[in-house]
Amino acid sequence: MPSKLRVAAFSMMLKLSANLVAQTVAIHKSPVPISVDWQRVLEFAMFGFIQGLINYWWQHFLDRRYPAMGASKPILPVASTAGSRGGAGQRSWRNLAMMILVDQTIGLLMMNTVLMVCTNIARQRSLAGLLAVIRERVPPIIMAAWKIWPAVCFINFGYVPVRWRPVVSATVGFGWNMFLTFFMIK
């Protein structure tokens with residue numbers, strides 16, 4: 001089982017790498033000379049580390065609150081996948097749906113707010129400016145996230161053990177963070 005710090009370091013390296021790859025693509029596509037924004041690379045690295053820690057906690061919280069695989073005492077009743085009650089082979093489709101719903105609302109708001117803080121705190125001159133960026137940029141990111149993350153969450157929450165979920169999310173997040181880099185460049 002990966003530790004919190006390993007998950008955070010893995011997340012940091014993936015976000016840093018995704019940002020560098022996306023910036024390199026943007027540099028090669030740009031008609032005017034531009035260079036790597038090293039501040040942005042460091043911001044994504046910081047975001048990756050912080051988000052990795054938060055996601056580790058978040059995945060465990062969701063699993064305790066809405067266990068989908070019958071590993072813990074469920075908040076909602078667990079329906080058996082084999083037609084019997086009790087045992088590790090059960091899957092709660094309602095809990096799985098609740099995990100996805102909570103993750104894709106509260107979780108996305110939380111993670112994308114952290115993203116905006118990490119990538120804008122040094123670029124904004126005031127708290128009001130930072131809050132304006134959060135209000136302006138978080139909703140479109142969440143709308144874009146809803147195009148891919150619910151499917152990832154279904155697989156991750158429904159079939160991946162909780163201790164590996166942050167790693168799966170960070171790995172899929174490599175491509176997502178390339179998108180976020182392009183979104184930030186606009």
# chains A, B, ... in the order shown; residues from 1 in each chain; ligands from 1
$ residues_around --residues "Met178 in chain A" --least-positions-apart "4" --cutoff "12 Å" --atoms "only C-alpha atoms" --output "list in words"
Leu14, Lys15, Leu16, Ser17, Ala18, Asn19, Leu20, Val21, Ala22, Gln23, Thr24, Val25, Ala26, Val41, Phe44, Thr171, Val172, Gly173, Phe174, Phe182, Phe183, Met184 and Ile185 of chain A
$ closest_atom_pairs --of "range 65-180 of chain A" --to "range 45-58 of chain A" --cutoff "7 Å" --atoms "only C-alpha atoms" --output "JSON lines"
{"residue": "A:Met111", "atom": "CA", "partner": "A:Gln51", "partner_atom": "CA", "distance": 6.7}
{"residue": "A:Leu115", "atom": "CA", "partner": "A:Phe47", "partner_atom": "CA", "distance": 5.9}
{"residue": "A:Cys118", "atom": "CA", "partner": "A:Phe47", "partner_atom": "CA", "distance": 5.5}
{"residue": "A:Pro166", "atom": "CA", "partner": "A:Tyr56", "partner_atom": "CA", "distance": 5.7}
$ write_last_selection --atoms "N, CA, C and O atoms" --output "JSON list (two decimals), in the first residue's frame"
[["chain", "number", "residue", "atom", "x", "y", "z"],
["A", 111, "MET", "N", -11.11, 20.19, -5.07],
["A", 111, "MET", "CA", -9.83, 20.00, -5.77],
["A", 111, "MET", "C", -9.52, 21.14, -6.73],
["A", 111, "MET", "O", -8.37, 21.57, -6.84],
["A", 115, "LEU", "N", -6.51, 23.86, -6.85],
["A", 115, "LEU", "CA", -5.76, 24.14, -8.08],
["A", 115, "LEU", "C", -5.64, 25.64, -8.32],
["A", 115, "LEU", "O", -4.56, 26.16, -8.58],
["A", 118, "CYS", "N", -3.33, 27.28, -5.72],
["A", 118, "CYS", "CA", -1.91, 26.96, -5.96],
["A", 118, "CYS", "C", -1.35, 27.64, -7.20],
["A", 118, "CYS", "O", -0.19, 28.05, -7.21],
["A", 166, "PRO", "N", -5.99, 6.80, -5.24],
["A", 166, "PRO", "CA", -5.28, 8.05, -5.54],
["A", 166, "PRO", "C", -4.24, 7.88, -6.65],
["A", 166, "PRO", "O", -4.01, 8.80, -7.44]]
$ closest_residue --among "A:Phe179, A:Ile142, A:Val152, A:Met13" --to "Thr105 in chain A" --atoms "only C-alpha atoms"
A:Ile142
$ residues_around --residues "Gly158 in chain A" --least-positions-apart "3" --cutoff "12 Å" --atoms "only C-alpha atoms" --output "ChimeraX atom specification"
/A:62-63,66-71,89-100,150-155,161-162,165
$ closest_residue --among "A:Trp176, A:Met12, A:Leu101, A:Pro140" --to "Leu42 in chain A" --atoms "only C-alpha atoms"
A:Met12
$ closest_residue --among "A:Asn177, A:Arg65, A:Thr119, A:Leu108" --to "Trp149 in chain A" --atoms "only C-alpha atoms"
A:Leu108
$ atom_distance --atom1 "CA of Asp103 in chain A" --atom2 "CA of Glu136 in chain A"
20.9 Å
$ closest_residue --among "A:His60, A:Ser35, A:Ile106, A:Arg123" --to "Lys4 in chain A" --atoms "only C-alpha atoms"
A:His60
$ atom_distance --atom1 "CA of Gly107 in chain A" --atom2 "CA of Trp146 in chain A"
12.0 Å
$ select_by_dssp --residues "chain A" --states "alpha helix (DSSP H)" --output "ChimeraX atom specification"
/A:4-29,38-65,93-102,108-120,127-145,149-159,165-185
$ closest_residue --among "A:Ala170, A:Ala8, A:Ile134, A:Met143" --to "Asn120 in chain A" --atoms "only C-alpha atoms"
A:Ile134
$ closest_residue --among "A:Pro31, A:Ser3, A:Gln104, A:Leu130" --to "Lys147 in chain A" --atoms "only C-alpha atoms"
A:Gln104
$ atom_distance --atom1 "CA of Gly129 in chain A" --atom2 "CA of Ile34 in chain A"
25.8 Å
$ decode --residues "range 101-176 of chain A" --atoms "C-alpha atoms" --output "PDB file, in the first residue's frame"
ATOM      1  CA  LEU A 101     -22.147  12.141  -6.944  1.00  0.00           C
ATOM      2  CA  VAL A 102     -20.298  13.477  -3.888  1.00  0.00           C
ATOM      3  CA  ASP A 103     -16.916  13.247  -5.627  1.00  0.00           C
ATOM      4  CA  GLN A 104     -18.166  14.964  -8.780  1.00  0.00           C
ATOM      5  CA  THR A 105     -19.713  17.847  -6.832  1.00  0.00           C
ATOM      6  CA  ILE A 106     -17.995  18.540  -3.502  1.00  0.00           C
ATOM      7  CA  GLY A 107     -14.776  16.780  -4.509  1.00  0.00           C
ATOM      8  CA  LEU A 108     -14.384  18.619  -7.814  1.00  0.00           C
ATOM      9  CA  LEU A 109     -15.162  21.961  -6.189  1.00  0.00           C
ATOM     10  CA  MET A 110     -12.599  21.282  -3.456  1.00  0.00           C
ATOM     11  CA  MET A 111      -9.828  19.997  -5.767  1.00  0.00           C
ATOM     12  CA  ASN A 112     -10.272  22.717  -8.380  1.00  0.00           C
ATOM     13  CA  THR A 113     -10.345  25.441  -5.746  1.00  0.00           C
ATOM     14  CA  VAL A 114      -7.026  24.085  -4.468  1.00  0.00           C
ATOM     15  CA  LEU A 115      -5.758  24.139  -8.079  1.00  0.00           C
ATOM     16  CA  MET A 116      -6.745  27.783  -8.502  1.00  0.00           C
ATOM     17  CA  VAL A 117      -5.185  28.778  -5.183  1.00  0.00           C
ATOM     18  CA  CYS A 118      -1.909  26.959  -5.957  1.00  0.00           C
ATOM     19  CA  THR A 119      -1.646  28.331  -9.492  1.00  0.00           C
ATOM     20  CA  ASN A 120      -2.767  31.893  -8.760  1.00  0.00           C
ATOM     21  CA  ILE A 121      -1.790  32.842  -5.217  1.00  0.00           C
ATOM     22  CA  ALA A 122       1.565  34.269  -6.358  1.00  0.00           C
ATOM     23  CA  ARG A 123       0.023  35.875  -9.459  1.00  0.00           C
ATOM     24  CA  GLN A 124      -2.798  37.774  -7.754  1.00  0.00           C
ATOM     25  CA  ARG A 125      -2.204  40.942  -5.772  1.00  0.00           C
ATOM     26  CA  SER A 126      -5.152  40.505  -3.394  1.00  0.00           C
ATOM     27  CA  LEU A 127      -7.494  37.973  -1.865  1.00  0.00           C
ATOM     28  CA  ALA A 128     -10.315  39.578  -3.857  1.00  0.00           C
ATOM     29  CA  GLY A 129      -8.372  38.940  -7.077  1.00  0.00           C
ATOM     30  CA  LEU A 130      -7.775  35.308  -6.107  1.00  0.00           C
ATOM     31  CA  LEU A 131     -11.458  34.808  -5.267  1.00  0.00           C
ATOM     32  CA  ALA A 132     -12.434  36.357  -8.607  1.00  0.00           C
ATOM     33  CA  VAL A 133     -10.187  33.882 -10.441  1.00  0.00           C
ATOM     34  CA  ILE A 134     -11.731  30.990  -8.484  1.00  0.00           C
ATOM     35  CA  ARG A 135     -15.280  32.148  -9.285  1.00  0.00           C
ATOM     36  CA  GLU A 136     -14.445  32.647 -12.955  1.00  0.00           C
ATOM     37  CA  ARG A 137     -12.379  29.532 -13.678  1.00  0.00           C
ATOM     38  CA  VAL A 138     -13.627  26.718 -11.414  1.00  0.00           C
ATOM     39  CA  PRO A 139     -17.131  26.292 -12.962  1.00  0.00           C
ATOM     40  CA  PRO A 140     -15.848  25.750 -16.548  1.00  0.00           C
ATOM     41  CA  ILE A 141     -13.238  23.279 -15.291  1.00  0.00           C
ATOM     42  CA  ILE A 142     -15.923  21.332 -13.426  1.00  0.00           C
ATOM     43  CA  MET A 143     -18.132  21.284 -16.538  1.00  0.00           C
ATOM     44  CA  ALA A 144     -15.212  19.933 -18.583  1.00  0.00           C
ATOM     45  CA  ALA A 145     -14.377  17.398 -15.862  1.00  0.00           C
ATOM     46  CA  TRP A 146     -17.890  15.966 -16.031  1.00  0.00           C
ATOM     47  CA  LYS A 147     -17.090  14.749 -19.551  1.00  0.00           C
ATOM     48  CA  ILE A 148     -14.491  12.221 -18.362  1.00  0.00           C
ATOM     49  CA  TRP A 149     -14.229  11.923 -14.585  1.00  0.00           C
ATOM     50  CA  PRO A 150     -17.582  10.231 -13.827  1.00  0.00           C
ATOM     51  CA  ALA A 151     -16.501   7.236 -15.959  1.00  0.00           C
ATOM     52  CA  VAL A 152     -13.079   7.191 -14.277  1.00  0.00           C
ATOM     53  CA  CYS A 153     -14.779   7.368 -10.879  1.00  0.00           C
ATOM     54  CA  PHE A 154     -17.132   4.504 -11.725  1.00  0.00           C
ATOM     55  CA  ILE A 155     -14.175   2.238 -12.476  1.00  0.00           C
ATOM     56  CA  ASN A 156     -12.006   3.590  -9.666  1.00  0.00           C
ATOM     57  CA  PHE A 157     -14.660   3.442  -6.920  1.00  0.00           C
ATOM     58  CA  GLY A 158     -16.295   0.274  -8.155  1.00  0.00           C
ATOM     59  CA  TYR A 159     -13.290  -1.910  -8.915  1.00  0.00           C
ATOM     60  CA  VAL A 160     -10.040  -0.465  -7.501  1.00  0.00           C
ATOM     61  CA  PRO A 161      -9.075  -1.002  -3.839  1.00  0.00           C
ATOM     62  CA  VAL A 162      -9.206   2.267  -1.897  1.00  0.00           C
ATOM     63  CA  ARG A 163      -5.462   2.318  -1.194  1.00  0.00           C
ATOM     64  CA  TRP A 164      -4.724   2.435  -4.953  1.00  0.00           C
ATOM     65  CA  ARG A 165      -7.430   4.926  -5.975  1.00  0.00           C
ATOM     66  CA  PRO A 166      -5.279   8.051  -5.543  1.00  0.00           C
ATOM     67  CA  VAL A 167      -2.625   6.453  -7.776  1.00  0.00           C
ATOM     68  CA  VAL A 168      -5.206   5.604 -10.470  1.00  0.00           C
ATOM     69  CA  SER A 169      -6.637   9.125 -10.261  1.00  0.00           C
ATOM     70  CA  ALA A 170      -3.174  10.695 -10.508  1.00  0.00           C
ATOM     71  CA  THR A 171      -2.278   8.519 -13.494  1.00  0.00           C
ATOM     72  CA  VAL A 172      -5.448   9.408 -15.417  1.00  0.00           C
ATOM     73  CA  GLY A 173      -4.855  12.934 -14.213  1.00  0.00           C
ATOM     74  CA  PHE A 174      -1.680  13.162 -16.320  1.00  0.00           C
ATOM     75  CA  GLY A 175      -3.792  13.804 -19.428  1.00  0.00           C
ATOM     76  CA  TRP A 176      -6.258  15.889 -17.455  1.00  0.00           C
TER      77      TRP A 176
END
